[in-house]
Structures are given as C-alpha cells and as structure tokens.
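Here is the structure we will look at.
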Amino acid sequence: MAAPPIRTTAKAPGAKLQGMSTAFIGLGAMGYPMAGHLARAFDTLVWNRTPARAQAHAAEFGSAAYELSSLAHADVIFSCLPTSGEVWEVLRALDGQLEPGSVWVDCTSGHPQAAREQAAWLAERGVHFLDAPVSGGTNGAEAGTLTVMVGGDAAVLERVRPRLAFAGKVVHVGPTGAGFAVKAVNNALLAVNLWAAGEGLAALKAGGVDLGAALDVINASSGRSNASENLIGQRVLSREFPATFALGLLAKDVGIALDVVAAHKGAAPLLGSAGGLYRAAERVIGGSEDHTAALKLVEQMNDVELS
C-alpha cells in the first residue's frame with residue numbers, strides 16, 4: 001500500500017506554538033521514545049505520517065501534535081525516518097518554510113552521500129545539518145541511554161548538545177556523513193556477528209548440544225558478542241522474534257557499509273558476503289520481520305531449529 005502523501009498545512013497553532021523551539025519528525029519504534037525524552041525536557045512539537053501516532057504521543061508525553069509545516073519554525077528539528085529517501089521527502093515538503101539559523105539533526109540510519117547532499121541543500125537555505133544516528137535499540141531509546149554518533153560541524157553539535165535528551169553518550173566522529181558511515185559499519189558488524197553465531201549454533205544443534213548451555217559458555221568466553229548476549233537467547237531460542245528493528249533495515253545498513261567501502265576502493269569480502277546473505281534473508285524471511293529472524297534462513301540451510 002502506498003504511503004499517504006505528506007501534508008504541510010498547519011492546524012491553527014494557538015499561543016502554545018509560539019514558545020516551541022524543538023520538533024521531532026518520525027515516531028517509529030525508536031523515534032517515539034526518543035521524542036518522549038525531548039517532550040519531558042522541552043516544549044516539543046511532533047509529527048508522524050500517521051497522525052494518530054503523533055496524537056498518542058502527545059497524550060502520553062505532553063508533546064504537541066501538529067501538521068508538518070508548523071514544525072518548520074522550530075530552531076532545532078530532529079528527524080528519525082527509515083531511510084534518507086524519506087528525509088528528502090520531508091525536506092522538500094518544507095522547502096521555503098525552514099527558519100534560517102536553525103539546525104536539522106537527522107537521527108535516521110542514512111547514507112553518508114545523502115547527508116552531504118542534504119547538508120548542502122539546507123546550507124543554501126541558511127540551515128545547519130548534523131547526521132546523528134543512534135545505537136542502543138528500543139531499550140536504549142526508552143531508557144534515554146542511546147549512543148549518538150555525530151557528523152558535521154562540532155560547534156553546531158555543541159549548540160544542540162543540551163537538546164539530546166535521549167542520549168547516554170554523544171560522540172563527534174567527523175565531518176558531515178561520518179555519523180552515518182559509523183552507524184552503517186556498526187550495524188554491518190552486528191549483522192556479521194549475528195549470522196556467524198547462528199551458523200555456529202546450528203552446527204551445535206545438529207550435533208545434539210543444548211543451545212542454552214552452549215550460549216552460557218560462549219557468553220563467558222571469547223566468542224561472545226552483543227548478538228549472543230542480548231539477542232539470540234532472548235529472541236531466537238525463545239522463538240519470540242519481537243519486531244523492534246526490521247530485517248530489511250539491517251540489510252539496507254549493510255549495503256550502506258559496502259558503499260562506504262566502495263567509495264574508497266577498499267576490500268571487505270566478509271561484509272560483502274553478509275550483504276548478500278541479508279538480502280537473501282530479507283527476500284525469503286521478509287523485510288518487516290525482526291532482524292534476528294534472519295537466522296530462520298540459517299535454520300533452513302541447516303535443517304535445524306535454534307531452540
């Protein structure tokens with residue numbers, strides 16, 4: 001089903017809008033709690049393509065749900081959308097409405113090249129841009145302990161640092177696009193670790209080993225990883241696969257990491273293999289499934305169930 005069009009006509013803002021200086025665009029699994037931390041600390045406008053989601057956020061956190069054009073007048077605008085493509089849609093919908101001197105902070109897991117293009121586009125309109133993707137999952141978003149990796153002007157980051165109410169750690173990693181590059185490589189490493197652990201556990205299951213016991217050993221040994229400690233036991237062995245971070249988005253991030261490698265004519269054969277495997281899992285298992293469901297393809301390849 002096609003997404004509904006972006007509407008920019010503002011509702012009558014009333015007096016409260018005049019004091020608003022922070023806005024958040026995109027209330028998905030990560031954006032919803034992130035914007036909640038902002039709303040607890042600042043007067044915060046929120047927008048989501050599905051208005052009911054924004055209205056629910058306002059009821060829960062005390063934010064204010066407005067249509068998109070009202071958010072253009074904030075001096076700090078956060079976005080947290082599925083890809084850089086959706087960010088472009090929103091930017092173009094707001095063309096001519098953004099306030100010169102404001103800062104756009106994109107928490108999307110976007111593409112470094114898109115960050116550079118969007119920063120240039122916004123600079124022509126007098127707006128600063130930071131690419132500021134986050135890591136820590138939905139648990140970190142809810143707890144306000146996310147790690148934020150920021151690309152762009154360090155002075156602009158210092159200006160908005162007090163607004164990063166959802167962060168436990170903020171690191172300036174380099175020029176525009178660097179934040180997205182670090183996030184893509186980080187997620188590619190997640191993908192590799194998850195898949196490798198799945199392959200190893202599939203071999204153990206075929207040999208009759210108790211996988212709970214095997215994970216106990218691995219997690220106290222040199223083979224441990226975030227995937228083995230926090231994902232496989234809780235999501236795969238339990239057969240729950242809760243939908244938090246979509247498999248298709250992880251496949252997208254591995255692809256971005258490969259673009260980062262290609263931009264410098266590097267060699268990353270292991271990441272290249274991961275990219276192919278996760279695209280296959282996206283097609284076979286389903287892109288909307290949780291990323292840990294990629295191990296269902298490992299199960300099919302080995303005729304075992306990781307349980």
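Order determines the names: the first chain of the structure tokens is A, the second B, and so forth; residues in each chain are numbered 1 upward, and ligands are numbered 1 upward as they are shown.
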
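Excluding A:Glu142 and any residue on its chain fewer than 2 positions from it, the residues at most 9 Å away by only C-alpha atoms are A:Met30, A:Tyr32, A:Pro33, A:Met34, A:Gly36, A:His37, A:Gly137, A:Thr138, A:Asn139, A:Gly140, A:Gly144, A:Thr145, A:Leu146, A:Phe166.
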
File dump, residues just selected, C-alpha atoms, as a PDB file, in the first residue's frame:
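To be explicit, this is the file written out as selection-v1.pdb:
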ATOM      1  CA  MET A  30      12.922   4.435  18.003  1.00  0.00           C
ATOM      2  CA  TYR A  32       8.550   7.556  19.653  1.00  0.00           C
ATOM      3  CA  PRO A  33      10.511   7.123  22.912  1.00  0.00           C
ATOM      4  CA  MET A  34      13.294   9.469  21.764  1.00  0.00           C
ATOM      5  CA  GLY A  36       9.279  11.340  24.596  1.00  0.00           C
ATOM      6  CA  HIS A  37      12.523  12.236  26.364  1.00  0.00           C
ATOM      7  CA  GLY A 137      17.931  -0.268  20.257  1.00  0.00           C
ATOM      8  CA  THR A 138      14.457   0.319  21.568  1.00  0.00           C
ATOM      9  CA  ASN A 139      15.561  -0.451  25.131  1.00  0.00           C
ATOM     10  CA  GLY A 140      18.163   2.324  24.951  1.00  0.00           C
ATOM     11  CA  GLY A 144      17.376   7.552  27.324  1.00  0.00           C
ATOM     12  CA  THR A 145      20.796   5.903  27.102  1.00  0.00           C
ATOM     13  CA  LEU A 146      21.380   5.864  23.355  1.00  0.00           C
ATOM     14  CA  PHE A 166      17.608  10.722  24.684  1.00  0.00           C
TER      15      PHE A 166
END

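Residues lying within 8 Å of A:Gly275, counting only C-alpha atoms and ignoring same-chain neighbours fewer than 6 positions away, are A:Ala251, A:Val254, A:Gly255, A:Leu258.
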
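The residue that comes closest to A:Leu249, out of A:Pro82, A:Pro51, A:Pro112, A:Gly151 and on the basis of only C-alpha atoms, is A:Pro82.
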
* Name all residues at most 7 Å from stretch 183-185 of chain A (count only C-alpha atoms; drop same-chain ones fewer than 6 positions away) and give them as a PyMOL selection string. => chain A and resi 109+133+253-254+256-257

Writing out the chosen residues with C-alpha atoms as a tab-separated table (two decimals), in the first residue's frame:
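Produced file selection11.tsv, reproduced below:
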chain	number	residue	atom	x	y	z
A	109	SER	CA	20.35	5.49	9.75
A	133	PRO	CA	22.24	8.28	14.04
A	253	ASP	CA	22.59	-0.68	6.54
A	254	VAL	CA	24.96	-3.44	5.43
A	256	ILE	CA	25.45	1.38	3.05
A	257	ALA	CA	28.56	-0.02	4.76

* Which parts of stretch 57-234 of chain A does DSSP call helix (DSSP H, G or I) when run on the backbone here, written out as a PyMOL selection string? -> chain A and resi 57-61+68-71+84-93+112-123+137-143+154-163+178-206+211-218+226-234

* **Residues flagged strand (DSSP E) by DSSP in stretch 66-198 of chain A, as a list of chain:residue names** => A:Val76, A:Ile77, A:Phe78, A:Ser79, A:Val103, A:Trp104, A:Val105, A:Asp106, A:His128, A:Phe129, A:Leu130, A:Asp131, A:Val134, A:Ser135, A:Leu146, A:Thr147, A:Val148, A:Met149, A:Val150, A:Gly151, A:Ala167, A:Gly168, A:Lys169, A:Val170, A:Val171, A:His172, A:Val173, A:Gly174

* Gap from atom CA of A:Ser238 to atom CA of A:Gly287 - Å, one decimal -> 20.5 Å

* Structure fact -> With distances taken over only C-alpha atoms, the candidate from A:Asp43, A:Asp106, A:Glu60, A:Glu229 nearest A:Ile25 is A:Asp106

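For the pair atom CA of A:Ala23 and atom CA of A:Val156, the separation is 16.8 Å.
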
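Interatomic distance, atom CA of A:Gly152 to atom CA of A:Leu130: 5.1 Å.
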
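When only C-alpha atoms are used to measure the gap to A:Ala54, the shortest distance among A:Ile77, A:Ile218, A:Leu68, A:Leu27 belongs to A:Leu27.
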
Within 7 Å of stretch 172-182 of chain A, which residues of stretch 96-126 of chain A come that close, and what is the closest atom pair and distance in Å for each? Count only C-alpha atoms and give it as a tab-separated table.
residue	atom	partner	partner_atom	distance
A:Ser109	CA	A:Phe180	CA	6.1
A:Gly110	CA	A:Phe180	CA	5.6
A:His111	CA	A:Phe180	CA	5.9
A:Pro112	CA	A:Gly177	CA	4.0
A:Gln113	CA	A:Gly177	CA	6.6
A:Ala115	CA	A:Gly177	CA	5.2
A:Arg116	CA	A:Thr176	CA	5.9

* Do you know which residues are at most 10 Å from A:Leu91 counting only C-alpha atoms, after dropping those on the same chain fewer than 4 positions away, and could you put them as a PyMOL selection string? -> chain A and resi 72+85-87+95-98+104+118+121-122
